[in-house]
Amino acid sequence: MLKERIEFLSKRKQISRKDLVEGLVTQAHFANILADRYPLPEDLAEAIASRLGVTTSYLLNASAQDEETLARAEAIFDQMSVPASVIAEDIVHALEDRDDALTVELTTALMKAVYYQQLNDASAHEYIHTSYLNFYLEKYGRPDDVDLPRPLAKALLYYKVQYYRSKLASVDVLTHATRLSELALPGSEFWLSVQNIKMEAYIQVKQYEEAKQVFDLTMRHVYDQRLFHRLSGLYVAYSGYCFAMGLVQEALSALTMAEANLVYAGNQGDLVTAIANNRIVMLTMTGGLDQAQSEIERFESLLQQEPEETQQAMKPLVSVYRCEVALARKNWGALAQSVDQLLNSATTQDQQMSATFYQSHLALAHGDREVFMERALACLPYFESVQHAMRLEPLYEGMAVVSEDLRKYKEAAMYYRKLVYLLRKK
């Protein structure tokens with residue numbers, strides 16, 4: 001780890017290896033030190049640290065993995081591996097960004113990145129990557145290829161899981177979540193959280209039998225250990241399994257059970273949102289549009305009881321719900337109004353691209369083929385990158401038909417091929 005730290009500091013200082021050790025030691029001998037063939041002498045560490053603008057201990061203790069160091073890294077991981085909504089902001093700010101032990105420092109950075117991602121704090125998330133994490137992710141970004149201390153390995157895998165969840169890359173989520181569950185203490189709160197993630201990922205990759213096995217195993221553990229605060233989260237995940245299997249009423253019943261057990265939950269706010277989201281999406285997709293509209297209004301009334309900050313953060317989500325219902329009803333006036341609200345409140349790329357998607361439908365409904373193609377082409381690359389089938393299917397179909405009407409037969413054929421491939425994957 002000393003090698004990686006010195007390389008990072010040298011890059012930041014824009015100083016070459018040759019200039020770093022000039023007059024102190026030969027480059028060959030220094031390479032052997034960085035390869036852990038020889039120890040780093042204190043006097044050499046002091047001289048190099050001076051050139052890099054850091055303390056001597058920052059180099060001498062870079063590779064520390066003693067019991068106390070690992071315990072500190074583990075404590076940071078435990079503290080930050082809960083939902084961001086239950087972590088006080090001052091706790092995050094109190095965590096030092098720099099630590100003599102790279103294991104502690106990198107664990108902290110990874111967990112802060114996850115925290116910022118969950119809060120959709122794009123500027124903080126970007127800054128921690130450009131100023132620090134991007135370098136180390138190049139070195140340690142493949143957990144299978146490196147042997148890392150246990151708490152750092154967990155932090156890296158957890159970071160990867162959350163990263164791939166944000167990209168809807170369920171195969172990668174499942175791969176890293178499976179490895180992560182092997183490092184988590186069976187039965188611990190974190191282990192239970194990873195089980196939920198695995199179940200969601202199994203559903204997304206259509207491994208339904210494995211998803212049900214994870215649910216049954218976790219549910220048994222929850223009841224055996226009387227961990228009833230976990231019931232709502234489990235029922236939310238189970239509702240996704242039922243819906244994927246085509247068991248719509250069972251899925252809605254599972255959400256009712258999730259709501260009934262909210263009294264035991266500690267993070268009720270997150271779960272209320274998840275329950276409302278699943279119910280609205282399920283009702284919209286299955287044609288229960290009046291019920292979906294009622295659920296949207298119910299959700300909005302619940303939000304009125306939340307702080308202003310929470311209400312503002314939820315505005316884009318509510319607008320998306322309204323857009324989906326309006327689109328399903330072909331109520332173009334309501335859709336136009338909801339799209340405007342979404343554009344004014346969108347904070348993430350997904351929300352912005354969703355607004356563009358809805359704009360394309362409005363244009364198509366009004367017979368404006370040019371604007372439709374412009375809007376469709378603007379959002380298509382994003383939805384292809386995240387493999388969003390529900391967005392891609394109508395985009396491909398509409399683009400194929402419009403291209404055909406414009407006598408652009410090669411383009412029409414291409415979009416039809418993409419549509420057929422997408423439908424075959426269902």
# chains A, B, ... in the order shown; residues from 1 in each chain; ligands from 1
>>> select_by_dssp(residues="range 27-224 of chain A", states="helix (DSSP H, G or I)", output="count of residues only")
147
>>> residues_around(residues="Thr103 in chain A", least_positions_apart="6", cutoff="10 Å", atoms="only C-alpha atoms", output="ChimeraX atom specification")
/A:1,62-65,69-70,72-74,148-153
>>> residues_around(residues="Ala122 in chain A", least_positions_apart="4", cutoff="10 Å", atoms="only C-alpha atoms", output="list of chain:residue names")
A:Ala113, A:Tyr116, A:Gln117, A:Gln118, A:Glu126, A:Tyr127, A:Thr347, A:Thr348
>>> write_last_selection(atoms="C-alpha atoms", output="PDB file, in the first residue's frame")
ATOM      1  CA  ALA A 113     -18.903   8.123  -1.773  1.00  0.00           C
ATOM      2  CA  TYR A 116     -23.181  10.992  -1.247  1.00  0.00           C
ATOM      3  CA  GLN A 117     -24.565   8.741  -3.971  1.00  0.00           C
ATOM      4  CA  GLN A 118     -27.557   7.760  -1.831  1.00  0.00           C
ATOM      5  CA  GLU A 126     -17.832  13.960  -8.106  1.00  0.00           C
ATOM      6  CA  TYR A 127     -15.305  15.800  -5.963  1.00  0.00           C
ATOM      7  CA  THR A 347     -31.996  16.633 -10.085  1.00  0.00           C
ATOM      8  CA  THR A 348     -30.605  13.401 -11.570  1.00  0.00           C
TER       9      THR A 348
END
>>> residues_around(residues="Asp216 in chain A", least_positions_apart="6", cutoff="12 Å", atoms="only C-alpha atoms", output="list of chain:residue names")
A:Gln195, A:Asn196, A:Met199, A:Glu209, A:Glu210, A:Val222, A:Tyr223, A:Leu234, A:Tyr235, A:Ala237, A:Tyr238, A:Tyr241
>>> residues_around(residues="range 31-36 of chain A", least_positions_apart="5", cutoff="12 Å", atoms="only C-alpha atoms", output="PyMOL selection string")
chain A and resi 1-7+17-18+21+25-26+41+44-45+59-60+62-63
>>> write_last_selection(atoms="N, CA and C atoms", output="compact mmCIF listing (two decimals), in the first residue's frame")
# COMPACT_ATOMS: atom_id res chain seq x y z
N MET A 1 0.81 -1.22 0.00
CA MET A 1 0.00 0.00 0.00
C MET A 1 0.84 1.27 0.00
N LEU A 2 2.08 1.12 0.46
CA LEU A 2 3.00 2.27 0.41
C LEU A 2 3.21 2.71 -1.04
N LYS A 3 3.36 1.75 -1.94
CA LYS A 3 3.58 2.07 -3.34
C LYS A 3 2.43 2.91 -3.91
N GLU A 4 1.19 2.47 -3.64
CA GLU A 4 0.04 3.18 -4.18
C GLU A 4 -0.07 4.58 -3.59
N ARG A 5 0.22 4.69 -2.30
CA ARG A 5 0.12 6.02 -1.69
C ARG A 5 1.16 6.97 -2.27
N ILE A 6 2.37 6.50 -2.44
CA ILE A 6 3.42 7.37 -2.99
C ILE A 6 3.10 7.72 -4.45
N GLU A 7 2.59 6.78 -5.20
CA GLU A 7 2.21 7.07 -6.57
C GLU A 7 1.10 8.12 -6.62
N ARG A 17 9.19 9.81 -10.36
CA ARG A 17 9.90 8.90 -9.45
C ARG A 17 11.37 9.30 -9.37
N LYS A 18 11.93 9.64 -10.52
CA LYS A 18 13.34 10.03 -10.55
C LYS A 18 13.61 11.26 -9.69
N VAL A 21 13.33 10.73 -5.71
CA VAL A 21 14.41 10.08 -4.94
C VAL A 21 15.79 10.63 -5.30
N VAL A 25 18.38 7.98 -2.87
CA VAL A 25 18.54 6.55 -3.04
C VAL A 25 18.39 6.24 -4.52
N THR A 26 18.94 5.13 -4.97
CA THR A 26 18.80 4.77 -6.38
C THR A 26 17.35 4.38 -6.67
N PRO A 41 13.39 3.03 5.38
CA PRO A 41 14.09 3.63 6.52
C PRO A 41 13.44 4.95 6.92
N LEU A 44 14.90 8.12 5.21
CA LEU A 44 14.47 8.23 3.82
C LEU A 44 13.00 8.65 3.75
N ALA A 45 12.19 8.07 4.63
CA ALA A 45 10.77 8.43 4.67
C ALA A 45 10.61 9.91 4.98
N LEU A 59 3.78 8.12 5.50
CA LEU A 59 4.43 7.12 4.64
C LEU A 59 4.77 5.86 5.41
N LEU A 60 5.32 6.03 6.60
CA LEU A 60 5.76 4.86 7.37
C LEU A 60 4.60 3.95 7.76
N ALA A 62 1.63 3.76 6.08
CA ALA A 62 0.67 3.61 4.98
C ALA A 62 0.13 2.19 4.88
N SER A 63 0.97 1.20 5.12
CA SER A 63 0.57 -0.20 4.95
C SER A 63 0.11 -0.85 6.25
>>> residues_around(residues="Gln351 in chain A", least_positions_apart="4", cutoff="8 Å", atoms="only C-alpha atoms", output="PyMOL selection string")
chain A and resi 316+320+342+346-347+355
>>> residues_around(residues="range 323-339 of chain A", least_positions_apart="5", cutoff="10 Å", atoms="only C-alpha atoms", output="list in words")
Ile280, Val281, Leu283, Thr284, Met285, Gly287, Gly288, Leu289, Asp290, Ala292, Gln293, Ile296, Pro316, Leu317, Val318, Asn344, Ser345, Gln352, Ser354, Ala355, Thr356, Phe357, Tyr358, Gln359, His361, Leu362, Ala363, Ala365 and His366 of chain A
>>> write_last_selection(atoms="N, CA and C atoms", output="short mmCIF file (atom, residue, chain, number, x, y, z; two decimals), in the first residue's frame")
data_model
loop_
_atom_site.label_atom_id
_atom_site.label_comp_id
_atom_site.auth_asym_id
_atom_site.auth_seq_id
_atom_site.Cartn_x
_atom_site.Cartn_y
_atom_site.Cartn_z
N ILE A 280 -47.54 2.05 -6.74
CA ILE A 280 -47.91 2.92 -7.86
C ILE A 280 -47.44 2.33 -9.18
N VAL A 281 -46.20 1.84 -9.20
CA VAL A 281 -45.65 1.26 -10.44
C VAL A 281 -46.45 0.02 -10.85
N LEU A 283 -49.57 -0.84 -10.07
CA LEU A 283 -50.92 -0.50 -10.51
C LEU A 283 -50.91 0.16 -11.89
N THR A 284 -49.93 1.01 -12.14
CA THR A 284 -49.83 1.67 -13.44
C THR A 284 -49.56 0.66 -14.54
N MET A 285 -48.63 -0.27 -14.29
CA MET A 285 -48.25 -1.24 -15.31
C MET A 285 -49.37 -2.24 -15.60
N GLY A 287 -52.64 -1.53 -15.43
CA GLY A 287 -53.86 -0.87 -15.87
C GLY A 287 -54.77 -0.37 -14.76
N GLY A 288 -54.34 -0.48 -13.52
CA GLY A 288 -55.15 0.04 -12.41
C GLY A 288 -54.89 1.52 -12.22
N LEU A 289 -55.22 2.31 -13.24
CA LEU A 289 -54.81 3.71 -13.28
C LEU A 289 -55.54 4.57 -12.25
N ASP A 290 -56.81 4.28 -12.00
CA ASP A 290 -57.54 5.05 -10.99
C ASP A 290 -56.94 4.80 -9.59
N ALA A 292 -53.87 3.79 -9.07
CA ALA A 292 -52.54 4.39 -9.08
C ALA A 292 -52.62 5.88 -8.79
N GLN A 293 -53.60 6.55 -9.40
CA GLN A 293 -53.79 7.98 -9.17
C GLN A 293 -54.11 8.24 -7.69
N ILE A 296 -50.94 7.94 -5.70
CA ILE A 296 -50.08 9.12 -5.87
C ILE A 296 -50.54 10.24 -4.95
N PRO A 316 -39.58 15.35 -7.98
CA PRO A 316 -39.36 14.70 -9.29
C PRO A 316 -39.99 13.32 -9.36
N LEU A 317 -39.92 12.56 -8.27
CA LEU A 317 -40.47 11.21 -8.25
C LEU A 317 -41.98 11.25 -8.45
N VAL A 318 -42.65 12.15 -7.76
CA VAL A 318 -44.10 12.28 -7.90
C VAL A 318 -44.46 12.69 -9.33
N ASN A 344 -38.72 21.10 -14.09
CA ASN A 344 -38.40 22.15 -13.12
C ASN A 344 -37.82 21.60 -11.83
N SER A 345 -38.02 20.30 -11.59
CA SER A 345 -37.57 19.73 -10.31
C SER A 345 -36.51 18.64 -10.45
N GLN A 352 -33.96 13.64 -15.70
CA GLN A 352 -33.89 14.51 -16.88
C GLN A 352 -34.16 13.74 -18.17
N SER A 354 -35.85 10.97 -18.35
CA SER A 354 -37.26 10.57 -18.34
C SER A 354 -38.13 11.69 -18.89
N ALA A 355 -37.82 12.92 -18.49
CA ALA A 355 -38.57 14.07 -19.01
C ALA A 355 -38.45 14.16 -20.53
N THR A 356 -37.23 13.94 -21.03
CA THR A 356 -37.01 13.96 -22.48
C THR A 356 -37.80 12.84 -23.16
N PHE A 357 -37.85 11.68 -22.52
CA PHE A 357 -38.63 10.55 -23.04
C PHE A 357 -40.11 10.93 -23.17
N TYR A 358 -40.66 11.55 -22.14
CA TYR A 358 -42.06 11.95 -22.18
C TYR A 358 -42.29 13.03 -23.24
N GLN A 359 -41.32 13.93 -23.40
CA GLN A 359 -41.43 14.96 -24.45
C GLN A 359 -41.51 14.31 -25.84
N HIS A 361 -42.86 11.45 -26.56
CA HIS A 361 -44.20 10.92 -26.73
C HIS A 361 -45.20 12.03 -27.03
N LEU A 362 -45.03 13.16 -26.37
CA LEU A 362 -45.92 14.29 -26.65
C LEU A 362 -45.79 14.73 -28.11
N ALA A 363 -44.55 14.81 -28.58
CA ALA A 363 -44.32 15.23 -29.96
C ALA A 363 -44.94 14.23 -30.94
N ALA A 365 -47.43 12.21 -30.37
CA ALA A 365 -48.90 12.29 -30.28
C ALA A 365 -49.44 13.47 -31.08
N HIS A 366 -48.64 14.54 -31.18
CA HIS A 366 -49.07 15.72 -31.92
C HIS A 366 -48.61 15.70 -33.38
#
>>> closest_residue(among="A:Ser360, A:Ser301, A:Thr218, A:Thr256", to="Leu380 in chain A", atoms="only C-alpha atoms")
A:Ser360
>>> atom_distance(atom1="CA of Asn278 in chain A", atom2="CA of Arg391 in chain A")
17.5 Å
>>> atom_distance(atom1="CA of Lys212 in chain A", atom2="CA of Gly187 in chain A")
17.9 Å
